[in-house]
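Listing of query_29.txt; format and content: compact mmCIF, C-alpha atoms.
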```
# COMPACT_ATOMS: atom_id res chain seq x y z
CA MET U 43 0.00 0.00 0.00
CA GLU U 44 2.86 2.40 0.85
CA LYS U 45 4.51 1.49 -2.41
CA PHE U 46 1.28 2.30 -4.27
CA ILE U 47 1.02 5.71 -2.61
CA GLU U 48 4.62 6.44 -3.50
CA LEU U 49 4.10 5.44 -7.16
CA PHE U 50 0.85 7.39 -7.37
CA ALA U 51 2.42 10.55 -5.92
CA GLU U 52 5.34 10.20 -8.30
CA ALA U 53 3.02 9.76 -11.30
CA ILE U 54 1.03 12.91 -10.58
CA GLU U 55 4.17 14.76 -9.42
CA ARG U 56 2.76 15.61 -6.00
CA GLU U 57 5.26 16.52 -3.31
CA ASP U 58 2.73 16.97 -0.49
CA GLU U 59 1.46 13.97 1.40
CA VAL U 60 -0.91 11.57 -0.35
CA LYS U 61 -3.39 9.83 1.97
CA MET U 62 -5.56 6.86 1.10
CA GLU U 63 -8.76 8.71 1.97
CA ASP U 64 -7.91 11.74 -0.20
CA GLU U 65 -10.11 12.49 -3.19
CA PHE U 66 -7.34 12.78 -5.74
CA ARG U 67 -9.30 14.95 -8.17
CA ASP U 68 -9.14 17.72 -5.55
CA TYR U 69 -5.35 17.85 -5.74
CA ASP U 70 -3.90 20.88 -7.50
CA GLU U 71 -1.69 18.45 -9.41
CA TRP U 72 -4.64 16.52 -10.87
CA SER U 73 -5.23 17.13 -14.59
CA SER U 74 -5.95 15.19 -17.75
CA ILE U 75 -2.17 14.95 -18.15
CA ALA U 76 -1.66 13.56 -14.63
CA TYR U 77 -4.33 10.99 -15.52
CA LEU U 78 -2.19 9.74 -18.44
CA SER U 79 0.76 9.33 -16.09
CA VAL U 80 -1.39 7.27 -13.72
CA ILE U 81 -2.44 5.04 -16.64
CA ALA U 82 1.22 4.54 -17.54
CA MET U 83 2.08 3.76 -13.90
CA LEU U 84 -0.74 1.20 -13.58
CA ASP U 85 0.40 -0.51 -16.79
CA GLU U 86 4.09 -0.43 -15.97
CA GLU U 87 3.96 -1.39 -12.30
CA TYR U 88 0.85 -3.54 -12.10
CA GLY U 89 0.22 -4.60 -15.71
CA ILE U 90 -3.40 -3.46 -15.53
CA GLN U 91 -5.68 -1.08 -17.38
CA ILE U 92 -8.76 0.65 -16.03
CA GLU U 93 -11.20 1.97 -18.63
CA GLU U 94 -12.17 5.62 -18.29
CA SER U 95 -15.82 4.80 -17.51
CA GLU U 96 -14.70 2.73 -14.53
CA PHE U 97 -11.96 5.16 -13.55
CA LYS U 98 -14.46 8.02 -13.36
CA LYS U 99 -16.26 6.25 -10.51
CA LEU U 100 -13.11 6.04 -8.40
CA ARG U 101 -13.02 9.02 -6.03
CA THR U 102 -10.29 8.28 -3.51
CA VAL U 103 -6.75 6.98 -3.63
CA LYS U 104 -8.01 3.94 -1.72
CA ALA U 105 -10.71 3.25 -4.32
CA LEU U 106 -8.03 3.33 -7.01
CA TYR U 107 -5.77 1.06 -4.96
CA ASP U 108 -8.64 -1.42 -4.40
CA ALA U 109 -9.55 -1.40 -8.11
CA CYS U 110 -5.90 -1.99 -8.91
CA ILE U 111 -5.37 -5.02 -6.63
CA ASN U 112 -8.71 -6.54 -7.67
CA LYS U 113 -7.71 -6.60 -11.34
CA MET M 174 -4.65 -12.08 -37.79
CA ALA M 175 -4.87 -9.97 -40.92
CA TYR M 176 -1.39 -10.02 -42.39
CA ILE M 177 -0.66 -9.29 -46.02
CA GLN M 178 2.65 -9.60 -47.85
CA PHE M 179 3.93 -8.20 -51.12
CA ASN M 180 6.94 -8.77 -53.26
CA GLY M 181 8.78 -6.35 -55.53
CA VAL M 182 6.83 -3.14 -54.84
CA GLY M 183 8.17 -0.08 -53.07
CA ILE M 184 8.31 3.68 -52.58
CA THR M 185 10.82 5.24 -54.98
CA SER M 186 10.45 8.90 -54.01
CA MET M 187 8.68 11.08 -51.46
CA ALA M 188 7.92 14.76 -50.92
CA ALA M 189 5.98 16.76 -48.34
CA ALA M 190 4.34 20.14 -47.87
CA VAL M 191 3.35 21.97 -44.69
CA PRO M 192 1.55 25.27 -44.14
CA LYS M 193 3.89 28.24 -43.69
CA ARG M 194 2.13 29.38 -40.51
CA VAL M 195 3.93 28.12 -37.40
CA ILE M 196 2.02 27.83 -34.13
CA ASN M 197 4.34 28.05 -31.15
CA ASN M 198 2.53 26.09 -28.45
CA ARG M 199 4.19 27.82 -25.50
CA ALA M 200 2.92 31.11 -26.89
CA TYR M 201 -0.50 29.71 -27.86
CA THR M 202 -2.08 31.53 -24.92
CA GLU M 203 -5.03 33.41 -26.33
CA ILE M 204 -7.41 31.08 -24.51
CA PHE M 205 -5.31 29.17 -21.98
CA SER M 206 -2.61 30.43 -19.61
CA ALA M 207 1.12 30.20 -20.33
CA GLU M 208 1.43 27.97 -17.29
CA GLU M 209 -1.07 25.52 -18.73
CA ALA M 210 0.48 25.69 -22.19
CA ASN M 211 3.93 24.97 -20.75
CA GLU M 212 2.65 22.02 -18.75
CA ILE M 213 1.04 20.51 -21.86
CA VAL M 214 4.12 21.10 -24.01
CA ASP M 215 6.43 19.58 -21.37
CA LYS M 216 4.32 16.45 -21.29
CA THR M 217 3.46 16.04 -24.98
CA GLY M 218 6.73 17.33 -26.45
CA ILE M 219 4.77 19.28 -29.08
CA GLU M 220 6.56 22.65 -29.31
CA GLU M 221 5.31 23.75 -32.72
CA ARG M 222 2.70 22.87 -35.28
CA ARG M 223 1.70 24.14 -38.70
CA PHE M 224 -1.78 25.56 -39.29
CA ALA M 225 -3.34 25.87 -42.72
CA ASP M 226 -5.00 29.20 -43.50
CA ALA M 227 -8.61 29.43 -44.68
CA GLU M 228 -7.64 29.00 -48.36
CA THR M 229 -5.45 25.93 -47.82
CA CYS M 230 -6.94 22.43 -47.89
CA SER M 231 -5.39 18.99 -47.53
CA SER M 232 -5.55 18.77 -51.32
CA ASP M 233 -3.43 21.93 -51.69
CA LEU M 234 -0.76 20.48 -49.42
CA CYS M 235 -0.78 17.21 -51.37
CA PHE M 236 -0.78 19.05 -54.69
CA ALA M 237 2.31 21.03 -53.63
CA ALA M 238 4.04 17.84 -52.44
CA ALA M 239 3.13 15.96 -55.64
CA GLU M 240 4.35 18.78 -57.90
CA LYS M 241 7.63 18.89 -55.99
CA LEU M 242 8.01 15.11 -56.30
CA ILE M 243 7.20 15.11 -60.04
CA LYS M 244 9.61 17.99 -60.73
CA ASP M 245 12.51 16.76 -58.59
CA ASN M 246 12.38 13.27 -60.07
CA CYS M 247 11.47 14.22 -63.67
CA ILE M 248 8.41 11.98 -63.55
CA ASN M 249 6.42 11.72 -66.77
CA ARG M 250 2.81 12.46 -65.73
CA GLU M 251 1.59 10.08 -68.44
CA ASP M 252 3.13 7.18 -66.51
CA ILE M 253 0.95 7.67 -63.43
CA ASP M 254 -1.90 5.18 -63.67
CA LEU M 255 -3.16 5.25 -60.08
CA LEU M 256 -3.82 8.11 -57.66
CA VAL M 257 -5.02 7.40 -54.13
CA PHE M 258 -5.79 10.26 -51.78
CA ILE M 259 -5.97 9.62 -48.03
CA SER M 260 -7.70 12.09 -45.74
CA GLN M 261 -10.44 12.67 -43.22
CA THR M 262 -10.41 16.38 -44.06
CA PRO M 263 -11.23 16.25 -47.79
CA ASP M 264 -12.23 19.32 -49.83
CA TYR M 265 -15.84 18.28 -50.33
CA ARG M 266 -18.25 15.59 -49.16
CA MET M 267 -18.42 14.89 -52.85
CA PRO M 268 -16.75 14.49 -55.27
CA ALA M 269 -13.70 12.57 -54.08
CA THR M 270 -10.69 14.85 -53.72
CA SER M 271 -8.55 12.35 -55.65
CA CYS M 272 -10.53 13.19 -58.80
CA THR M 273 -9.94 16.91 -58.45
CA LEU M 274 -6.24 16.17 -57.91
CA GLN M 275 -6.09 13.98 -61.02
CA HIS M 276 -7.15 16.99 -63.05
CA ARG M 277 -5.08 19.55 -61.17
CA LEU M 278 -1.92 17.46 -61.50
CA GLY M 279 -2.51 17.11 -65.23
CA LEU M 280 -2.84 13.33 -65.11
CA SER M 281 -4.51 11.39 -67.88
CA ASN M 282 -8.22 10.50 -67.83
CA ASN M 283 -7.11 6.87 -67.75
CA THR M 284 -5.90 7.38 -64.18
CA ILE M 285 -7.57 5.26 -61.49
CA ALA M 286 -8.42 7.74 -58.73
CA PHE M 287 -10.20 7.25 -55.40
CA ASP M 288 -10.09 8.36 -51.78
CA ILE M 289 -9.46 6.40 -48.62
CA THR M 290 -11.02 7.81 -45.49
CA LEU M 291 -9.25 6.59 -42.38
CA GLY M 292 -7.40 8.23 -39.53
CA CYS M 293 -3.92 7.97 -38.13
CA SER M 294 -3.13 4.46 -39.39
CA ALA M 295 -4.18 5.31 -42.95
CA PHE M 296 -0.79 5.69 -44.60
CA ILE M 297 0.01 2.06 -43.79
CA TYR M 298 -3.47 0.96 -44.92
CA GLY M 299 -3.02 3.08 -48.06
CA LEU M 300 0.36 1.55 -48.84
CA SER M 301 -1.16 -1.92 -48.66
CA VAL M 302 -3.96 -0.94 -51.06
CA VAL M 303 -1.57 0.63 -53.56
CA TYR M 304 0.92 -2.24 -53.24
CA SER M 305 -1.92 -4.69 -53.94
CA MET M 306 -2.80 -2.97 -57.18
CA MET M 307 0.79 -2.31 -58.19
CA GLU M 308 1.94 -5.88 -57.60
CA ARG M 309 -0.30 -6.98 -60.48
CA SER M 310 0.84 -6.31 -64.02
CA GLY M 311 -0.54 -3.32 -65.89
CA LEU M 312 -0.12 -0.19 -63.80
CA ARG M 313 3.11 1.70 -64.32
CA LYS M 314 3.39 4.21 -61.48
CA ALA M 315 1.16 5.05 -58.52
CA LEU M 316 0.88 8.26 -56.55
CA LEU M 317 -0.18 7.94 -52.93
CA LEU M 318 -1.21 11.31 -51.52
CA ASP M 319 -1.93 11.75 -47.81
CA GLY M 320 -3.08 15.12 -46.46
CA GLU M 321 -4.74 16.42 -43.30
CA THR M 322 -5.82 19.77 -41.90
CA ARG M 323 -6.66 18.64 -38.39
CA SER M 324 -6.28 22.21 -37.17
CA LYS M 325 -9.74 22.76 -38.66
CA VAL M 326 -11.27 19.79 -36.81
CA TYR M 327 -10.62 20.49 -33.14
CA SER M 328 -11.87 23.27 -30.89
CA PRO M 329 -9.19 25.71 -29.72
CA ARG M 330 -11.24 25.94 -26.50
CA ASP M 331 -10.86 22.27 -25.59
CA ARG M 332 -7.49 21.95 -23.85
CA ARG M 333 -7.48 18.18 -24.34
CA SER M 334 -7.02 18.57 -28.08
CA ALA M 335 -6.14 22.26 -28.65
CA PHE M 336 -2.37 21.78 -28.40
CA LEU M 337 -1.90 18.52 -30.27
CA PHE M 338 -2.83 18.67 -33.92
CA GLY M 339 -1.18 20.15 -36.98
CA ASP M 340 -1.46 20.07 -40.76
CA GLY M 341 0.58 18.58 -43.58
CA GLY M 342 0.53 16.72 -46.87
CA VAL M 343 2.74 14.03 -48.37
CA ALA M 344 3.24 12.46 -51.80
CA ALA M 345 4.81 9.04 -52.35
CA LEU M 346 5.57 7.46 -55.71
CA ILE M 347 5.16 3.71 -55.76
CA GLU M 348 6.68 1.44 -58.39
CA ARG M 349 7.29 -2.20 -59.14
CA CYS M 350 10.87 -3.47 -59.00
CA PRO M 351 12.35 -6.79 -57.80
CA LYS M 352 14.99 -4.87 -55.78
CA PHE M 353 12.42 -4.12 -53.06
CA GLY M 354 11.89 -7.72 -51.99
CA LYS M 355 9.21 -8.51 -49.46
CA SER M 356 7.02 -6.18 -47.41
CA THR M 357 4.60 -7.20 -44.65
CA PHE M 358 1.56 -5.40 -43.27
CA SER M 359 -0.72 -6.04 -40.32
CA MET M 360 -3.98 -4.10 -40.17
CA ASN M 361 -6.61 -4.16 -37.46
CA SER M 362 -9.88 -2.52 -36.46
CA ASP M 363 -12.05 -2.23 -33.35
CA GLY M 364 -15.32 -0.42 -33.98
CA SER M 365 -16.47 -1.00 -30.39
CA ARG M 366 -14.15 1.92 -29.62
CA ALA M 367 -15.49 4.16 -32.40
CA ASP M 368 -16.55 6.74 -29.79
CA LEU M 369 -13.04 7.29 -28.39
CA ILE M 370 -12.17 9.78 -31.14
CA MET M 371 -15.07 11.27 -33.03
CA ILE M 372 -16.74 14.20 -34.73
CA PRO M 373 -20.35 13.38 -33.78
CA ALA M 374 -22.23 15.71 -36.14
CA GLY M 375 -21.99 16.96 -39.70
CA GLY M 376 -22.19 13.55 -41.34
CA TYR M 377 -25.44 11.87 -42.30
CA ARG M 378 -26.36 10.37 -38.92
CA LYS M 379 -26.54 13.78 -37.30
CA MET M 380 -26.61 16.30 -40.09
CA SER M 381 -25.25 19.80 -39.82
CA SER M 382 -27.72 22.26 -38.29
CA ALA M 383 -27.75 25.55 -36.39
CA GLU M 384 -27.65 23.44 -33.22
CA THR M 385 -24.60 21.34 -34.13
CA VAL M 386 -22.29 24.33 -34.67
CA VAL M 387 -22.90 25.90 -31.25
CA GLU M 388 -19.92 25.64 -28.91
CA LYS M 389 -20.89 24.39 -25.47
CA VAL M 390 -19.10 23.74 -22.20
CA ILE M 391 -18.63 19.99 -22.11
CA ASP M 392 -16.95 19.17 -18.80
CA GLU M 393 -16.01 20.34 -15.31
CA PHE M 394 -12.79 21.90 -16.64
CA GLY M 395 -14.71 24.39 -18.78
CA ASN M 396 -13.58 22.90 -22.09
CA MET M 397 -15.78 23.97 -24.99
CA ARG M 398 -16.60 22.55 -28.37
CA SER M 399 -19.44 22.02 -30.83
CA GLU M 400 -20.71 18.68 -32.06
CA GLU M 401 -19.02 19.34 -35.40
CA GLN M 402 -15.63 19.53 -33.73
CA GLY M 403 -13.63 16.47 -32.84
CA TYR M 404 -13.12 15.09 -29.38
CA MET M 405 -10.74 12.52 -28.02
CA ARG M 406 -10.98 10.39 -24.89
CA GLY M 407 -7.27 10.54 -24.24
CA GLY M 408 -7.22 8.15 -21.30
CA ASP M 409 -8.93 5.31 -23.12
CA VAL M 410 -6.93 5.94 -26.29
CA PHE M 411 -3.78 5.60 -24.21
CA ASN M 412 -5.09 2.44 -22.50
CA PHE M 413 -5.87 1.02 -25.93
CA VAL M 414 -2.52 1.93 -27.42
CA ILE M 415 -0.37 0.47 -24.64
CA ARG M 416 -2.32 -2.78 -24.85
CA GLU M 417 -2.57 -3.25 -28.63
CA ILE M 418 0.44 -1.60 -30.25
CA PRO M 419 3.33 -3.49 -28.62
CA ARG M 420 1.43 -6.73 -29.27
CA ASP M 421 0.82 -5.93 -32.95
CA ILE M 422 4.43 -4.93 -33.51
CA LYS M 423 5.73 -8.12 -31.86
CA ASN M 424 3.32 -10.38 -33.76
CA THR M 425 4.02 -8.75 -37.13
CA VAL M 426 7.78 -8.90 -36.65
CA ALA M 427 7.48 -12.58 -35.68
CA PHE M 428 5.19 -13.31 -38.65
CA ALA M 429 7.78 -11.79 -41.01
CA GLY M 430 10.52 -13.88 -39.37
CA LYS M 431 12.43 -10.77 -38.23
CA GLU M 432 13.87 -9.45 -34.98
CA ILE M 433 12.77 -6.12 -33.56
CA ASP M 434 16.33 -4.73 -33.52
CA CYS M 435 17.03 -5.60 -37.17
CA PHE M 436 15.24 -2.53 -38.56
CA ASP M 437 17.15 0.54 -39.67
CA TYR M 438 14.40 2.86 -38.44
CA VAL M 439 11.18 2.53 -36.50
CA VAL M 440 8.69 5.22 -37.48
CA PHE M 441 5.81 5.78 -35.09
CA HIS M 442 2.63 7.69 -35.64
CA GLN M 443 3.48 11.01 -34.00
CA ALA M 444 0.63 11.09 -31.48
CA ASN M 445 2.60 12.79 -28.75
CA ASN M 446 5.92 12.24 -27.09
CA PHE M 447 4.42 10.85 -23.91
CA ILE M 448 2.72 7.93 -25.69
CA ASN M 449 5.62 7.25 -28.06
CA SER M 450 8.33 7.27 -25.44
CA TYR M 451 6.22 5.04 -23.22
CA ILE M 452 5.79 2.46 -26.00
CA SER M 453 9.43 2.54 -27.04
CA LYS M 454 10.56 2.20 -23.43
CA LYS M 455 8.12 -0.65 -22.87
CA MET M 456 9.40 -2.41 -25.99
CA LYS M 457 13.05 -1.57 -25.20
CA LEU M 458 13.59 -0.01 -28.62
CA ASN M 459 16.79 1.84 -29.46
CA PRO M 460 15.86 5.57 -29.37
CA GLU M 461 18.50 6.35 -32.01
CA LYS M 462 16.47 4.38 -34.54
CA ILE M 463 13.25 6.30 -33.84
CA PRO M 464 13.00 9.52 -35.86
CA SER M 465 10.58 12.09 -34.44
CA THR M 466 8.81 15.20 -35.69
CA ILE M 467 6.52 15.55 -32.68
CA ALA M 468 8.32 18.71 -31.53
CA LYS M 469 8.00 20.58 -34.83
CA PHE M 470 4.84 19.30 -36.51
CA GLY M 471 2.74 17.78 -33.70
CA ASN M 472 0.13 15.17 -34.50
CA THR M 473 -0.79 15.36 -38.20
CA SER M 474 -2.90 12.20 -38.10
CA SER M 475 -2.18 9.82 -41.00
CA VAL M 476 0.40 12.24 -42.43
CA SER M 477 2.68 11.90 -39.42
CA VAL M 478 4.41 8.66 -40.45
CA PRO M 479 5.33 9.70 -44.02
CA LEU M 480 6.03 13.31 -42.95
CA THR M 481 8.50 12.01 -40.37
CA ILE M 482 10.21 9.94 -43.07
CA VAL M 483 10.49 12.96 -45.39
CA SER M 484 11.58 15.32 -42.63
CA GLU M 485 14.01 13.12 -40.72
CA LEU M 486 15.30 10.46 -43.11
CA GLN M 487 16.30 12.60 -46.08
CA GLY M 488 19.80 11.48 -47.08
CA LYS M 489 19.58 8.43 -44.84
CA LEU M 490 17.77 6.05 -47.19
CA ASP M 491 20.58 5.32 -49.65
CA GLY M 492 21.03 1.65 -50.41
CA LYS M 493 18.63 -0.88 -48.93
CA LYS M 494 16.97 0.01 -45.63
CA GLU M 495 14.19 -1.75 -43.81
CA LEU M 496 11.69 0.37 -41.90
CA LEU M 497 9.12 -0.63 -39.33
CA LEU M 498 6.09 1.66 -39.53
CA THR M 499 3.44 1.67 -36.84
CA ALA M 500 0.33 3.78 -36.37
CA PHE M 501 -2.93 3.84 -34.43
CA GLY M 502 -5.94 6.05 -34.02
CA VAL M 503 -9.53 6.94 -34.78
CA GLY M 504 -11.72 3.98 -35.68
CA MET M 505 -10.06 2.53 -33.77
CA THR M 506 -7.67 1.14 -36.33
CA TRP M 507 -4.04 0.23 -35.95
CA ALA M 508 -1.44 -1.04 -38.36
CA THR M 509 2.16 -2.16 -38.57
CA GLY M 510 4.22 -2.26 -41.76
CA ILE M 511 7.62 -3.77 -42.50
CA VAL M 512 8.64 -1.83 -45.56
CA PRO M 513 11.91 -1.99 -47.49
CA PHE M 514 13.24 1.29 -48.89
CA VAL M 515 15.83 1.10 -51.68
CA ASP M 516 17.54 4.36 -52.73
CA CYS M 517 14.38 6.31 -51.99
CA LYS M 518 14.72 9.92 -53.14
CA ILE M 519 13.38 12.44 -50.69
CA SER M 520 12.69 16.06 -51.64
CA ASP M 521 12.99 19.11 -49.39
CA ILE M 522 9.77 20.03 -47.59
CA VAL M 523 7.90 22.89 -49.26
CA GLU M 524 5.75 25.50 -47.50
CA VAL M 525 2.25 26.51 -48.56
CA GLU M 526 0.31 29.73 -47.99
CA HIS M 527 -3.11 30.76 -49.39
CA GLY M 528 -3.27 27.38 -51.13
CA CYS M 529 0.00 27.88 -53.06
CA VAL M 530 3.67 27.08 -52.60
CA VAL M 531 5.66 30.06 -51.25
```
Show me this structure written as structure tokens.
Amino acid sequence: MEKFIELFAEAIEREDEVKMEDEFRDYDEWSSIAYLSVIAMLDEEYGIQIEESEFKKLRTVKALYDACINK
Amino acid sequence: MAYIQFNGVGITSMAAAVPKRVINNRAYTEIFSAEEANEIVDKTGIEERRFADAETCSSDLCFAAAEKLIKDNCINREDIDLLVFISQTPDYRMPATSCTLQHRLGLSNNTIAFDITLGCSAFIYGLSVVYSMMERSGLRKALLLDGETRSKVYSPRDRRSAFLFGDGGVAALIERCPKFGKSTFSMNSDGSRADLIMIPAGGYRKMSSAETVVEKVIDEFGNMRSEEQGYMRGGDVFNFVIREIPRDIKNTVAFAGKEIDCFDYVVFHQANNFINSYISKKMKLNPEKIPSTIAKFGNTSSVSVPLTIVSELQGKLDGKKELLLTAFGVGMTWATGIVPFVDCKISDIVEVEHGCVV
């Protein structure tokens, strides 16, 4: 889980703390470009892809983490 | 697996034309802030693009490229028996732009002329169509023209597409000669993803009306576009590309009995630098073998593969070279080509303004 947070923060280039309960779309760093970096990270590190329709429903870092390990 | 192979057909010369007007993305700040522009440029690698003016169409860019090719290589117009024009930004809904180009280029009325409408993978699709016809006896020379004015397709008020696309046109002369040896193409389609990149209105399903040209806010970021402007679901396109493209390249290379590092150059569709560097890193390709025009021309849709060849490989295609071409986009369609080049002559790029060469 810590590893995931680290990779996620790196992907969206966030230096401030990332917490599992955070709604990541509220971060200043979140953008359509940060989203592409997260897609690359999920593919590279976990070998998974989450379609945009499913991704849109994920609000928190934890929800993304859960979706990721359930793939 | 749709593979197709040809023997003894190849591209003997190429030329390209781009609009004279340069858009500097970091200074493209009429609508969005410099900060936002810089962030997008840093990520996509697209520093500059070329925008056609109101009087310049894809056909004008292709006409300029074709004239340059014919002149530089002393081609006898009478010898051109086939003209194929590739575009999704044609001059008219009818007639086919290829027919107007047949006349404009002074080609004979015996010329076979038709259009192919496909997106970013279309140059590879187009090569396979022309190679198919040229491999048979009968036709002497074929002209494959590929032009796009994507600057006219996307809303400048939608930041997800406003900084990506540019315009250009390319001409390639295709001839039969045993020296070329074998070429291999893989072509694929997935219409279940037709809505990932689309212009929803202005065709015959949702015809042009006063309603369809109104720009509306379409998301929480305040992006705006009309239904007659294109949109792209970047996230799903990226998901699709990282899944399908490495697989198609690997399978095609294996089918042809080659190794991935045996190619002289690997030419990608110039979508953006983020996607291309991710794929090449994932596939462990040698970056020195991957020419790029992303920084100076941006994404020119189907034109990007041949434009990159003309721009970056001039003087580098003497003797026999083998190129791997790969492209993906709207449809979705994606294609890989293993294409031999033998002493291909490449002209200097010409610039076009108000529909004419400057």
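Take the candidates U:Ala105, U:Leu100, U:Ile90, U:Met83 and check each one against U:Glu52 using all atoms listed in the file; the shortest distance goes to U:Met83.
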Write out as a tab-separated table the residues of chain U that have any atom within 9 Å of an atom of chain M, one row each with the nearest atom pair and its distance in Å to one decimal, counting all atoms listed in the file, sorted by chain and then rising number.
```
residue	atom	partner	partner_atom	distance
U:Ser74	CA	M:Arg333	CA	7.4
U:Ile75	CA	M:Lys216	CA	7.4
U:Tyr77	CA	M:Gly408	CA	7.1
U:Leu78	CA	M:Gly408	CA	6.0
U:Ser79	CA	M:Phe447	CA	8.8
U:Ile81	CA	M:Asn412	CA	6.9
U:Ala82	CA	M:Tyr451	CA	7.6
U:Asp85	CA	M:Ile415	CA	7.9
U:Glu86	CA	M:Lys455	CA	8.0
U:Gln91	CA	M:Asn412	CA	6.2
U:Ile92	CA	M:Asn412	CA	7.7
U:Glu93	CA	M:Asp409	CA	6.0
U:Glu94	CA	M:Asp409	CA	5.8
U:Ser95	CA	M:Asp409	CA	8.9
```
Checklist entry - Interatomic distance between atom CA of U:Asp68 and atom CA of M:Gly403? => result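 Atom-to-atom, atom CA of U:Asp68 to atom CA of M:Gly403, that is 27.7 Å.
Excluding U:Asp108 and any residue on its chain fewer than 2 positions from it, the residues at most 12 Å away by all atoms listed in the file are U:Met43, U:Phe46, U:Met62, U:Glu63, U:Ile92, U:Phe97, U:Leu100, U:Arg101, U:Thr102, U:Val103, U:Lys104, U:Ala105, U:Leu106, U:Cys110, U:Ile111, U:Asn112, U:Lys113.
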If you keep C-alpha atoms, can you produce a file of those selected residues as a compact mmCIF listing (two decimals), in the coordinates of the input?
```
# COMPACT_ATOMS: atom_id res chain seq x y z
CA MET U 43 0.00 0.00 0.00
CA PHE U 46 1.28 2.30 -4.27
CA MET U 62 -5.56 6.86 1.10
CA GLU U 63 -8.76 8.71 1.97
CA ILE U 92 -8.76 0.65 -16.03
CA PHE U 97 -11.96 5.16 -13.55
CA LEU U 100 -13.11 6.04 -8.40
CA ARG U 101 -13.02 9.02 -6.03
CA THR U 102 -10.29 8.28 -3.51
CA VAL U 103 -6.75 6.98 -3.63
CA LYS U 104 -8.01 3.94 -1.72
CA ALA U 105 -10.71 3.25 -4.32
CA LEU U 106 -8.03 3.33 -7.01
CA CYS U 110 -5.90 -1.99 -8.91
CA ILE U 111 -5.37 -5.02 -6.63
CA ASN U 112 -8.71 -6.54 -7.67
CA LYS U 113 -7.71 -6.60 -11.34
```
Next on the checklist: Could you check the closest approach to M:Arg313 for each of M:Lys431, M:Arg250, M:Lys325, M:Arg266 and tell me which residue wins, using only C-alpha atoms?
Outcome noted: M:Arg250
Checklist entry - What does the distance between atom CA of M:Thr290 and atom CA of M:Ile184 come to in Å, to one decimal place? => result 21.0 Å
Item to check | Closest of U:Glu87, U:Glu96, U:Glu48, U:Glu57 to U:Glu71 - atom-to-atom distances counting only C-alpha atoms | outcome: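 For U:Glu71, the nearest of the given residues is U:Glu57.
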Next on the checklist: Need to verify the contact set: M:Gln261, 7 Å, all atoms listed in the file, exclusion of same-chain residues closer than 4 positions in sequence. Can you return it as a ChimeraX atom specification?
Outcome noted: /M:290-292,321
Checklist entry - Of the candidates M:Tyr377, M:Tyr176, M:Phe353, M:Phe358, which one gets nearest to M:Asp516 if we count all atoms listed in the file? => result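 Ranked by minimum distance to M:Asp516, first place goes to M:Phe353.
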Next on the checklist: Quick check, in Å to one decimal: how far apart do atom CA of M:Lys493 and atom CA of M:Pro351 lie?
Outcome noted: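 Atom CA of M:Pro351 lies at a distance of 12.4 Å from atom CA of M:Lys493.
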Complete stretch 246-256 of chain M at the level of N, CA and C atoms, written as a PDB file, keeping the file's coordinate frame.
```pdb
ATOM      1  N   ASN M 246      12.011  14.595 -59.563  1.00  0.00           N
ATOM      2  CA  ASN M 246      12.380  13.270 -60.070  1.00  0.00           C
ATOM      3  C   ASN M 246      12.093  13.104 -61.556  1.00  0.00           C
ATOM      4  N   CYS M 247      11.763  14.236 -62.226  1.00  0.00           N
ATOM      5  CA  CYS M 247      11.470  14.220 -63.670  1.00  0.00           C
ATOM      6  C   CYS M 247      10.502  13.097 -64.038  1.00  0.00           C
ATOM      7  N   ILE M 248       9.406  13.027 -63.285  1.00  0.00           N
ATOM      8  CA  ILE M 248       8.410  11.980 -63.550  1.00  0.00           C
ATOM      9  C   ILE M 248       7.546  12.405 -64.749  1.00  0.00           C
ATOM     10  N   ASN M 249       7.344  11.487 -65.658  1.00  0.00           N
ATOM     11  CA  ASN M 249       6.420  11.720 -66.770  1.00  0.00           C
ATOM     12  C   ASN M 249       4.991  11.503 -66.256  1.00  0.00           C
ATOM     13  N   ARG M 250       4.165  12.555 -66.289  1.00  0.00           N
ATOM     14  CA  ARG M 250       2.810  12.460 -65.730  1.00  0.00           C
ATOM     15  C   ARG M 250       1.987  11.366 -66.407  1.00  0.00           C
ATOM     16  N   GLU M 251       2.314  11.116 -67.668  1.00  0.00           N
ATOM     17  CA  GLU M 251       1.590  10.080 -68.440  1.00  0.00           C
ATOM     18  C   GLU M 251       1.749   8.686 -67.817  1.00  0.00           C
ATOM     19  N   ASP M 252       2.847   8.515 -67.068  1.00  0.00           N
ATOM     20  CA  ASP M 252       3.130   7.180 -66.510  1.00  0.00           C
ATOM     21  C   ASP M 252       2.358   6.885 -65.232  1.00  0.00           C
ATOM     22  N   ILE M 253       1.674   7.891 -64.698  1.00  0.00           N
ATOM     23  CA  ILE M 253       0.950   7.670 -63.430  1.00  0.00           C
ATOM     24  C   ILE M 253      -0.442   7.113 -63.743  1.00  0.00           C
ATOM     25  N   ASP M 254      -0.633   5.863 -63.355  1.00  0.00           N
ATOM     26  CA  ASP M 254      -1.900   5.180 -63.670  1.00  0.00           C
ATOM     27  C   ASP M 254      -2.846   5.105 -62.482  1.00  0.00           C
ATOM     28  N   LEU M 255      -2.334   5.394 -61.294  1.00  0.00           N
ATOM     29  CA  LEU M 255      -3.160   5.250 -60.080  1.00  0.00           C
ATOM     30  C   LEU M 255      -2.884   6.413 -59.148  1.00  0.00           C
ATOM     31  N   LEU M 256      -3.949   7.030 -58.649  1.00  0.00           N
ATOM     32  CA  LEU M 256      -3.820   8.110 -57.660  1.00  0.00           C
ATOM     33  C   LEU M 256      -4.764   7.792 -56.505  1.00  0.00           C
TER      34      LEU M 256
END
```
